[in-house]
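Each remark here refers to the structure printed beneath this line.
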Amino acid sequence: MDYLISVATIAGIYIIMAMSFYLPFMTGQISLGQAGFMAIGAYGSAVCSVKFGIPYVPAILIGGSVAGIVGFFVGIPALRIKGIYLLLLTLGFGEIIRVVFINVEYIGAAAGFPGIPYQDHSLLYSYIMVFILIIFFSRLRKSRMGRAFHAVGSDEDAAEVIGVNITSVKLIAFSTGGFIAGIGGGIFAHYQEYIEPLMFDVMHSVEFIVFTIFGGIQIFWGPMFGAFVLTMIPEFLRVIQEWRMELFGALLIIMMILRPQGVIGLDTIQGLKKVSSRILGRGLS
Amino acid sequence: MILNIRNVAKQFNGFHALSNIGVDVAEGKIHAIIGPNGAGKTTLFNLISGVYDLTEGEIRFKDVVINQLKPHLRAKLGIGRTFQIVRLFGLMSVLENVMIGTHCKTRAGLLKTFLRFSRKELTEEKATRENATRWLEFVGLAHKADQTASNLPHAEQRLVEIARALALDPELILLDEPAAGMNLNETLKLDALISKINQMGKAILLIEHNMELVMEISHVITVLNFGMKIAEGVSSEIQNNPKVIEAYLGRKK
Ligand SMILES: Nc1ncnc2c1ncn2[C@@H]1O[C@H](COP(=O)(O)OP(=O)(O)OP(=O)(O)O)[C@@H](O)[C@H]1O
Ligand SMILES: [Mg+2]
């Protein structure tokens, strides 16, 4: 049972991380730095609770906000570059964050940051956050900013010409992505009790991308599904655990060939709606 | 004059795409830009809407110098446009595509939309939707509002682009070959639509290869060739202008 709870908690945190990647991704910004924002949130909230005795929820919100602010400043140079250069910039950012944390004595440097108060209800909190994200993303789709996100993601030059301020849209998306990652980091830190810079290396950022690509990029249920499934499966098939990245790689190749939009696409959602309305319809009649 | 283009030049790595262009567009008129392929018509549109920076010259819209402004601010000032190759946001619905058109005139931010602090955001969303629906009705596509934009036939996608540009309620609208790829029937409808837009008092700058359409509806025609303005006037003047005839015939072979 404990084991199950632990796996589910990690899955919840990874869902949050996948969504933190997905939000800027919607506007066409591919970030390899989400583990860096996660680290900022983790360390930020840990400092709040350990050094200042701030309670759990505000500590995590502060950690997230710091990550969001850092995201804003990383987002500024990110505006000018695209594709592979943006990948390199965010990759560099993630690594810089790690190197900085390795060298700051105040937060334990390379030895790590121990003694973070353990949150009993991490499972609950992580899924509260997931729930908030579900509401957020489903409302986003039907809102002014959400439409702008999609427009910028699908053709930013056209979006700009018809009146979308792409600078502000991309900055907002990038920094909100940083905020979400920071929240994930905060929950993670208070679940692990101990954090060290190594936990936030770039391979994790890559994983968040894999979750998204695998789960589906057209609609937010995709990355949620991807994060959940790809966290759960290796946990239950211990044999796979060691081969996780190899497995992910193979999965991605298969997906690219069979279903490039990911497992969950717009068609999936429409199909589900049809089926459920049919079932409900029958139930009523 | 609503738009003044003065001595405008555009070079791409030394290639003179446009040289010394001066065009004035009057309020509420249909002004056509014609010329052979590669004459620089789309480039001129791109300079007006801010896709490219100009190399020389000045562009004024309602007496405001706009050639330094970012594209979205030009849209906000009241310049709408469509593209030669349709650029709808493919995965969004037709209605959502048109709703995007009012982005720069609305305010709702990320947090407010999410938390729904106030009635205001919901009212704004509703107004945006109604406005978009109205413009879809105007172009005759209200019944396709919920379809995915990329699923529409080509001619209808062009109309959605026009509705998207109109949603902003611009005073000047730039149409880049709106009839391209349309059959005779669709072109006739488009013809009527352009006149209707014009009757609402909007100035229209129109790039079009369909000469019948151009001659019939434009008040003024400017002819470009090799990046230079070679003629300007009403249809009868243009039709009989030897330079224009040569420009078109000279390239036909
Ligand atoms: N971004 C660019 N970089 C380099 N050259 C360009 C660019 N855009 C346009 N050109 C060149 O400028 C010239 C004018 O192009 P433009 O697209 O304005 O022509 P056009 O009059 O719209 O032609 P068409 O009727 O074929 O649409 C062409 O020779 C084109 O190759
Ligand atoms: Mg053109």
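Following the order of the structure tokens, first chain is A, next is B, and so on, with residues numbered from 1 inside each chain and ligands from 1 in the order they appear.
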Point to revise | Contacts with ligand 1 at most 6 Å, only C-alpha atoms and all ligand atoms counted, listed as a ChimeraX atom specification | key: /B:12,17,36-43
Exercise for review: May I have the residues of chain A within 9 Å of chain B, counting only C-alpha atoms, written as number ranges by chain?
Suggested key: A: 135-137, 139-140, 142-148, 150-155, 157-166, 172, 218, 266
Exercise for review: Find the residue from A:Gly36, A:Gly53, A:Phe236, A:Tyr3 that sits nearest to A:Gly184; use only C-alpha atoms when measuring.
Suggested key: A:Gly36
Practice item. Kindly indicate which residue among B:Asp53, B:Val98, B:Pro178, B:Glu171 lies nearest to B:Leu141, using only C-alpha atoms for the distances. Key: B:Val98
Check your understanding: What does the distance between atom CA of A:Ile183 and atom CA of A:Val66 come to in Å, to one decimal place?
Key -> 9.9 Å
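Between B:Ile197 and the residues B:Val8, B:Leu54, B:Leu174, B:Met182, the shortest atom-to-atom distance, using only C-alpha atoms, involves B:Leu174.
Here atom CA of A:Gly249 and atom CA of A:Thr90 stand 21.2 Å from one another.
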Exercise for review: If you run DSSP over the backbone, which residues in stretch 9-47 of chain B end up alpha helix (DSSP H)? Put them as JSON, numbers by chain.
Suggested key: {"B": [41, 42, 43, 44, 45, 46, 47]}
Exercise for review: Find the distance between atom CA of B:Lys202 and atom CA of B:Glu27 and write it in Å to one decimal.
Suggested key: 7.1 Å
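Proximity of A:Thr212, A:Thr27, A:Ser168, A:Ser122 to A:Gly12, computed with only C-alpha atoms, is greatest for A:Ser122.
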Residues near B:Gly181, cut-off 10 Å, only C-alpha atoms, skip fewer than 5 positions along chain, as a PDB file with all heavy atoms, in the first residue's frame:
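Ended up saving to part-v1.pdb:
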ATOM      1  N   HIS B 154     -11.048  25.014 -49.545  1.00  0.00           N
ATOM      2  CA  HIS B 154     -10.141  26.143 -49.685  1.00  0.00           C
ATOM      3  C   HIS B 154     -10.852  27.505 -49.758  1.00  0.00           C
ATOM      4  O   HIS B 154     -10.495  28.451 -49.054  1.00  0.00           O
ATOM      5  CB  HIS B 154      -9.289  25.925 -50.938  1.00  0.00           C
ATOM      6  CG  HIS B 154      -8.316  27.011 -51.170  1.00  0.00           C
ATOM      7  ND1 HIS B 154      -7.118  27.074 -50.490  1.00  0.00           N
ATOM      8  CD2 HIS B 154      -8.369  28.104 -51.974  1.00  0.00           C
ATOM      9  CE1 HIS B 154      -6.476  28.151 -50.883  1.00  0.00           C
ATOM     10  NE2 HIS B 154      -7.197  28.790 -51.784  1.00  0.00           N
ATOM     11  N   ALA B 155     -11.878  27.580 -50.596  1.00  0.00           N
ATOM     12  CA  ALA B 155     -12.558  28.867 -50.788  1.00  0.00           C
ATOM     13  C   ALA B 155     -13.162  29.361 -49.477  1.00  0.00           C
ATOM     14  O   ALA B 155     -13.121  30.557 -49.167  1.00  0.00           O
ATOM     15  CB  ALA B 155     -13.639  28.731 -51.846  1.00  0.00           C
ATOM     16  N   ARG B 158     -10.635  30.855 -47.146  1.00  0.00           N
ATOM     17  CA  ARG B 158     -10.329  32.245 -47.502  1.00  0.00           C
ATOM     18  C   ARG B 158     -11.352  33.193 -46.874  1.00  0.00           C
ATOM     19  O   ARG B 158     -11.012  34.264 -46.392  1.00  0.00           O
ATOM     20  CB  ARG B 158     -10.331  32.424 -49.017  1.00  0.00           C
ATOM     21  CG  ARG B 158      -9.124  31.818 -49.687  1.00  0.00           C
ATOM     22  CD  ARG B 158      -8.804  32.558 -50.980  1.00  0.00           C
ATOM     23  NE  ARG B 158      -7.546  32.119 -51.542  1.00  0.00           N
ATOM     24  CZ  ARG B 158      -6.360  32.582 -51.176  1.00  0.00           C
ATOM     25  NH1 ARG B 158      -6.286  33.538 -50.271  1.00  0.00           N
ATOM     26  NH2 ARG B 158      -5.259  32.114 -51.698  1.00  0.00           N
ATOM     27  N   GLU B 186     -17.794  31.176 -56.866  1.00  0.00           N
ATOM     28  CA  GLU B 186     -17.238  31.661 -55.598  1.00  0.00           C
ATOM     29  C   GLU B 186     -16.649  33.056 -55.772  1.00  0.00           C
ATOM     30  O   GLU B 186     -16.756  33.910 -54.882  1.00  0.00           O
ATOM     31  CB  GLU B 186     -16.154  30.687 -55.105  1.00  0.00           C
ATOM     32  CG  GLU B 186     -16.714  29.351 -54.643  1.00  0.00           C
ATOM     33  CD  GLU B 186     -15.664  28.242 -54.600  1.00  0.00           C
ATOM     34  OE1 GLU B 186     -14.605  28.372 -55.246  1.00  0.00           O
ATOM     35  OE2 GLU B 186     -15.918  27.233 -53.928  1.00  0.00           O
ATOM     36  N   THR B 187     -16.030  33.284 -56.920  1.00  0.00           N
ATOM     37  CA  THR B 187     -15.445  34.593 -57.176  1.00  0.00           C
ATOM     38  C   THR B 187     -16.525  35.673 -57.231  1.00  0.00           C
ATOM     39  O   THR B 187     -16.347  36.776 -56.710  1.00  0.00           O
ATOM     40  CB  THR B 187     -14.654  34.578 -58.494  1.00  0.00           C
ATOM     41  OG1 THR B 187     -13.746  33.483 -58.458  1.00  0.00           O
ATOM     42  CG2 THR B 187     -13.877  35.867 -58.680  1.00  0.00           C
TER      43      THR B 187
END
Exercise for review: Using only C-alpha atoms and all ligand atoms, find the one residue out of B:Leu172, B:Leu188, B:Ala247, B:Leu224 that sits nearest to ligand 2.
Suggested key: B:Leu224
Review point. Could you name the residues that touch stretch 229-233 of chain B at 8 Å or less, counting only C-alpha atoms, but leaving out those on the same chain fewer than 2 positions away, as a ChimeraX atom specification?
Key: /B:21-22,220-225,227,235,237-238,241,243-244
Keeping only all heavy atoms, write those residues as a JSON list (two decimals), in the first residue's frame.
[["chain", "number", "residue", "atom", "x", "y", "z"],
["B", 21, "ILE", "N", 8.46, 53.51, -53.82],
["B", 21, "ILE", "CA", 7.02, 53.35, -53.99],
["B", 21, "ILE", "C", 6.26, 54.44, -53.24],
["B", 21, "ILE", "O", 6.51, 54.68, -52.06],
["B", 21, "ILE", "CB", 6.55, 51.98, -53.45],
["B", 21, "ILE", "CG1", 7.25, 50.84, -54.18],
["B", 21, "ILE", "CG2", 5.04, 51.85, -53.57],
["B", 21, "ILE", "CD1", 6.88, 50.70, -55.62],
["B", 22, "GLY", "N", 5.37, 55.10, -53.92],
["B", 22, "GLY", "CA", 4.47, 56.05, -53.27],
["B", 22, "GLY", "C", 3.03, 55.68, -53.62],
["B", 22, "GLY", "O", 2.69, 55.62, -54.80],
["B", 220, "VAL", "N", -9.48, 52.73, -57.61],
["B", 220, "VAL", "CA", -8.16, 53.13, -58.08],
["B", 220, "VAL", "C", -7.32, 51.87, -58.25],
["B", 220, "VAL", "O", -7.48, 50.90, -57.49],
["B", 220, "VAL", "CB", -7.44, 54.04, -57.05],
["B", 220, "VAL", "CG1", -6.15, 54.60, -57.64],
["B", 220, "VAL", "CG2", -8.34, 55.15, -56.58],
["B", 221, "ILE", "N", -6.44, 51.88, -59.24],
["B", 221, "ILE", "CA", -5.56, 50.74, -59.45],
["B", 221, "ILE", "C", -4.12, 51.24, -59.53],
["B", 221, "ILE", "O", -3.83, 52.21, -60.22],
["B", 221, "ILE", "CB", -5.92, 50.00, -60.76],
["B", 221, "ILE", "CG1", -7.37, 49.51, -60.69],
["B", 221, "ILE", "CG2", -4.97, 48.83, -61.00],
["B", 221, "ILE", "CD1", -7.88, 48.97, -62.01],
["B", 222, "THR", "N", -3.26, 50.54, -58.78],
["B", 222, "THR", "CA", -1.83, 50.84, -58.87],
["B", 222, "THR", "C", -1.16, 49.62, -59.49],
["B", 222, "THR", "O", -1.45, 48.50, -59.10],
["B", 222, "THR", "CB", -1.23, 51.11, -57.48],
["B", 222, "THR", "OG1", -1.88, 52.25, -56.92],
["B", 222, "THR", "CG2", 0.26, 51.36, -57.55],
["B", 223, "VAL", "N", -0.28, 49.86, -60.46],
["B", 223, "VAL", "CA", 0.38, 48.73, -61.13],
["B", 223, "VAL", "C", 1.85, 48.71, -60.76],
["B", 223, "VAL", "O", 2.56, 49.72, -60.88],
["B", 223, "VAL", "CB", 0.25, 48.84, -62.66],
["B", 223, "VAL", "CG1", 0.72, 47.54, -63.31],
["B", 223, "VAL", "CG2", -1.19, 49.14, -63.05],
["B", 224, "LEU", "N", 2.31, 47.57, -60.28],
["B", 224, "LEU", "CA", 3.73, 47.40, -59.96],
["B", 224, "LEU", "C", 4.35, 46.46, -60.98],
["B", 224, "LEU", "O", 3.71, 45.55, -61.50],
["B", 224, "LEU", "CB", 3.91, 46.78, -58.57],
["B", 224, "LEU", "CG", 3.36, 47.50, -57.36],
["B", 224, "LEU", "CD1", 3.72, 46.72, -56.08],
["B", 224, "LEU", "CD2", 3.90, 48.91, -57.26],
["B", 225, "ASN", "N", 5.62, 46.71, -61.27],
["B", 225, "ASN", "CA", 6.38, 45.78, -62.11],
["B", 225, "ASN", "C", 7.83, 45.86, -61.68],
["B", 225, "ASN", "O", 8.39, 46.95, -61.52],
["B", 225, "ASN", "CB", 6.22, 46.16, -63.59],
["B", 225, "ASN", "CG", 6.73, 45.05, -64.50],
["B", 225, "ASN", "OD1", 6.82, 43.90, -64.07],
["B", 225, "ASN", "ND2", 7.06, 45.39, -65.72],
["B", 227, "GLY", "N", 9.18, 45.67, -58.89],
["B", 227, "GLY", "CA", 9.39, 46.48, -57.70],
["B", 227, "GLY", "C", 9.18, 47.97, -57.89],
["B", 227, "GLY", "O", 9.47, 48.76, -57.00],
["B", 235, "SER", "N", -9.81, 52.21, -63.77],
["B", 235, "SER", "CA", -9.67, 51.02, -64.61],
["B", 235, "SER", "C", -9.46, 51.35, -66.09],
["B", 235, "SER", "O", -8.60, 50.78, -66.74],
["B", 235, "SER", "CB", -10.85, 50.07, -64.46],
["B", 235, "SER", "OG", -11.86, 50.61, -63.71],
["B", 237, "GLU", "N", -8.17, 53.89, -67.53],
["B", 237, "GLU", "CA", -6.81, 54.38, -67.79],
["B", 237, "GLU", "C", -5.81, 53.24, -67.80],
["B", 237, "GLU", "O", -4.90, 53.18, -68.63],
["B", 237, "GLU", "CB", -6.40, 55.40, -66.72],
["B", 237, "GLU", "CG", -7.16, 56.70, -66.77],
["B", 237, "GLU", "CD", -6.99, 57.53, -65.50],
["B", 237, "GLU", "OE1", -6.39, 57.04, -64.52],
["B", 237, "GLU", "OE2", -7.45, 58.68, -65.50],
["B", 238, "ILE", "N", -5.96, 52.35, -66.83],
["B", 238, "ILE", "CA", -5.01, 51.26, -66.68],
["B", 238, "ILE", "C", -5.10, 50.30, -67.85],
["B", 238, "ILE", "O", -4.09, 49.87, -68.40],
["B", 238, "ILE", "CB", -5.28, 50.51, -65.36],
["B", 238, "ILE", "CG1", -5.03, 51.43, -64.17],
["B", 238, "ILE", "CG2", -4.42, 49.25, -65.25],
["B", 238, "ILE", "CD1", -3.62, 51.98, -64.08],
["B", 241, "ASN", "N", -3.24, 51.59, -70.78],
["B", 241, "ASN", "CA", -1.88, 52.09, -70.58],
["B", 241, "ASN", "C", -0.88, 51.14, -71.25],
["B", 241, "ASN", "O", -0.78, 49.97, -70.90],
["B", 241, "ASN", "CB", -1.62, 52.18, -69.07],
["B", 241, "ASN", "CG", -0.30, 52.81, -68.76],
["B", 241, "ASN", "OD1", 0.70, 52.50, -69.40],
["B", 241, "ASN", "ND2", -0.29, 53.70, -67.77],
["B", 243, "LYS", "N", 2.32, 50.83, -71.03],
["B", 243, "LYS", "CA", 3.32, 50.26, -70.12],
["B", 243, "LYS", "C", 2.76, 49.01, -69.41],
["B", 243, "LYS", "O", 3.45, 48.02, -69.22],
["B", 243, "LYS", "CB", 3.68, 51.28, -69.04],
["B", 243, "LYS", "CG", 4.85, 52.18, -69.39],
["B", 243, "LYS", "CD", 5.26, 52.86, -68.11],
["B", 243, "LYS", "CE", 6.19, 54.02, -68.34],
["B", 243, "LYS", "NZ", 6.34, 54.83, -67.10],
["B", 244, "VAL", "N", 1.48, 49.14, -69.01],
["B", 244, "VAL", "CA", 0.84, 48.04, -68.30],
["B", 244, "VAL", "C", 0.67, 46.84, -69.22],
["B", 244, "VAL", "O", 0.98, 45.70, -68.87],
["B", 244, "VAL", "CB", -0.54, 48.47, -67.74],
["B", 244, "VAL", "CG1", -1.23, 47.30, -67.06],
["B", 244, "VAL", "CG2", -0.37, 49.64, -66.80]]
Point to revise | Contact residues around A:Ala111 with only C-alpha atoms at 9 Å, ignoring same-chain residues under 5 positions, as a PyMOL selection string | key: chain A and resi 102+196-197
Would you write out those residues with all heavy atoms, as a PDB file, in the first residue's frame?
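Final output, part09.pdb:
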ATOM      1  N   ILE A 102      24.960  23.453  -6.637  1.00  0.00           N
ATOM      2  CA  ILE A 102      26.055  22.615  -6.151  1.00  0.00           C
ATOM      3  C   ILE A 102      27.049  23.443  -5.348  1.00  0.00           C
ATOM      4  O   ILE A 102      27.718  22.942  -4.465  1.00  0.00           O
ATOM      5  CB  ILE A 102      26.782  21.912  -7.336  1.00  0.00           C
ATOM      6  CG1 ILE A 102      25.888  20.797  -7.889  1.00  0.00           C
ATOM      7  CG2 ILE A 102      28.129  21.333  -6.905  1.00  0.00           C
ATOM      8  CD1 ILE A 102      26.460  20.090  -9.096  1.00  0.00           C
ATOM      9  N   GLU A 196      18.943  17.034  -3.539  1.00  0.00           N
ATOM     10  CA  GLU A 196      20.308  17.386  -3.943  1.00  0.00           C
ATOM     11  C   GLU A 196      20.269  17.766  -5.423  1.00  0.00           C
ATOM     12  O   GLU A 196      19.369  17.334  -6.155  1.00  0.00           O
ATOM     13  CB  GLU A 196      21.250  16.208  -3.712  1.00  0.00           C
ATOM     14  CG  GLU A 196      20.809  14.950  -4.451  1.00  0.00           C
ATOM     15  CD  GLU A 196      21.809  13.818  -4.293  1.00  0.00           C
ATOM     16  OE1 GLU A 196      22.987  14.110  -4.054  1.00  0.00           O
ATOM     17  OE2 GLU A 196      21.395  12.650  -4.433  1.00  0.00           O
ATOM     18  N   PRO A 197      21.249  18.570  -5.853  1.00  0.00           N
ATOM     19  CA  PRO A 197      21.209  19.084  -7.230  1.00  0.00           C
ATOM     20  C   PRO A 197      21.112  17.978  -8.286  1.00  0.00           C
ATOM     21  O   PRO A 197      20.464  18.156  -9.310  1.00  0.00           O
ATOM     22  CB  PRO A 197      22.540  19.831  -7.350  1.00  0.00           C
ATOM     23  CG  PRO A 197      22.856  20.253  -5.954  1.00  0.00           C
ATOM     24  CD  PRO A 197      22.350  19.154  -5.074  1.00  0.00           C
TER      25      PRO A 197
END
**Study point:** Selected residue of minimal separation from A:Val206 among A:Val74, A:Ile13, A:Val275, A:Met245, counting only C-alpha atoms
**Key:** A:Met245
Just the residues within 8 Å of A:Tyr43, please, counting only C-alpha atoms, with nothing from its chain fewer than 3 positions along; format it as a PDB file with all heavy atoms, in the first residue's frame.
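Done, and the output landed in result.pdb:
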ATOM      1  N   ALA A  39      13.880  22.505  -9.697  1.00  0.00           N
ATOM      2  CA  ALA A  39      14.902  22.660  -8.660  1.00  0.00           C
ATOM      3  C   ALA A  39      14.712  23.971  -7.903  1.00  0.00           C
ATOM      4  O   ALA A  39      14.787  24.011  -6.671  1.00  0.00           O
ATOM      5  CB  ALA A  39      16.294  22.615  -9.287  1.00  0.00           C
ATOM      6  N   ILE A  40      14.421  25.039  -8.637  1.00  0.00           N
ATOM      7  CA  ILE A  40      14.229  26.332  -7.974  1.00  0.00           C
ATOM      8  C   ILE A  40      13.052  26.256  -7.003  1.00  0.00           C
ATOM      9  O   ILE A  40      13.129  26.715  -5.864  1.00  0.00           O
ATOM     10  CB  ILE A  40      13.997  27.446  -9.020  1.00  0.00           C
ATOM     11  CG1 ILE A  40      15.266  27.638  -9.852  1.00  0.00           C
ATOM     12  CG2 ILE A  40      13.603  28.750  -8.336  1.00  0.00           C
ATOM     13  CD1 ILE A  40      15.118  28.610 -10.995  1.00  0.00           C
ATOM     14  N   ALA A  46      11.997  24.663   0.176  1.00  0.00           N
ATOM     15  CA  ALA A  46      12.725  24.039   1.287  1.00  0.00           C
ATOM     16  C   ALA A  46      13.350  25.109   2.181  1.00  0.00           C
ATOM     17  O   ALA A  46      13.288  25.027   3.408  1.00  0.00           O
ATOM     18  CB  ALA A  46      13.799  23.100   0.751  1.00  0.00           C
ATOM     19  N   VAL A  47      13.925  26.133   1.564  1.00  0.00           N
ATOM     20  CA  VAL A  47      14.497  27.234   2.334  1.00  0.00           C
ATOM     21  C   VAL A  47      13.406  27.889   3.168  1.00  0.00           C
ATOM     22  O   VAL A  47      13.585  28.172   4.362  1.00  0.00           O
ATOM     23  CB  VAL A  47      15.173  28.268   1.397  1.00  0.00           C
ATOM     24  CG1 VAL A  47      15.462  29.566   2.142  1.00  0.00           C
ATOM     25  CG2 VAL A  47      16.435  27.689   0.801  1.00  0.00           C
ATOM     26  N   GLY A  63       8.004  29.096  -3.457  1.00  0.00           N
ATOM     27  CA  GLY A  63       8.932  28.392  -4.347  1.00  0.00           C
ATOM     28  C   GLY A  63       8.482  28.470  -5.800  1.00  0.00           C
ATOM     29  O   GLY A  63       9.276  28.774  -6.695  1.00  0.00           O
ATOM     30  N   ILE A 107      22.492  26.199   1.056  1.00  0.00           N
ATOM     31  CA  ILE A 107      21.487  25.167   0.815  1.00  0.00           C
ATOM     32  C   ILE A 107      22.131  23.780   0.689  1.00  0.00           C
ATOM     33  O   ILE A 107      21.604  22.886   0.029  1.00  0.00           O
ATOM     34  CB  ILE A 107      20.653  25.486  -0.448  1.00  0.00           C
ATOM     35  CG1 ILE A 107      21.575  25.817  -1.610  1.00  0.00           C
ATOM     36  CG2 ILE A 107      19.680  26.609  -0.177  1.00  0.00           C
ATOM     37  CD1 ILE A 107      20.858  25.986  -2.930  1.00  0.00           C
ATOM     38  N   GLY A 185       8.218  21.043  -7.948  1.00  0.00           N
ATOM     39  CA  GLY A 185       9.457  20.900  -7.185  1.00  0.00           C
ATOM     40  C   GLY A 185       9.224  21.009  -5.689  1.00  0.00           C
ATOM     41  O   GLY A 185       9.786  20.249  -4.896  1.00  0.00           O
ATOM     42  N   GLY A 186       8.364  21.945  -5.300  1.00  0.00           N
ATOM     43  CA  GLY A 186       8.081  22.133  -3.874  1.00  0.00           C
ATOM     44  C   GLY A 186       7.428  20.902  -3.261  1.00  0.00           C
ATOM     45  O   GLY A 186       7.814  20.441  -2.173  1.00  0.00           O
ATOM     46  N   ALA A 189      10.074  18.203  -2.977  1.00  0.00           N
ATOM     47  CA  ALA A 189      11.033  18.405  -1.882  1.00  0.00           C
ATOM     48  C   ALA A 189      10.447  17.974  -0.547  1.00  0.00           C
ATOM     49  O   ALA A 189      11.108  17.330   0.258  1.00  0.00           O
ATOM     50  CB  ALA A 189      11.463  19.869  -1.828  1.00  0.00           C
ATOM     51  N   ILE A 195      16.809  16.866  -0.655  1.00  0.00           N
ATOM     52  CA  ILE A 195      17.024  17.091  -2.089  1.00  0.00           C
ATOM     53  C   ILE A 195      18.493  17.391  -2.359  1.00  0.00           C
ATOM     54  O   ILE A 195      19.200  17.898  -1.481  1.00  0.00           O
ATOM     55  CB  ILE A 195      16.166  18.263  -2.636  1.00  0.00           C
ATOM     56  CG1 ILE A 195      16.302  19.499  -1.757  1.00  0.00           C
ATOM     57  CG2 ILE A 195      14.717  17.846  -2.786  1.00  0.00           C
ATOM     58  CD1 ILE A 195      15.577  20.725  -2.285  1.00  0.00           C
TER      59      ILE A 195
END
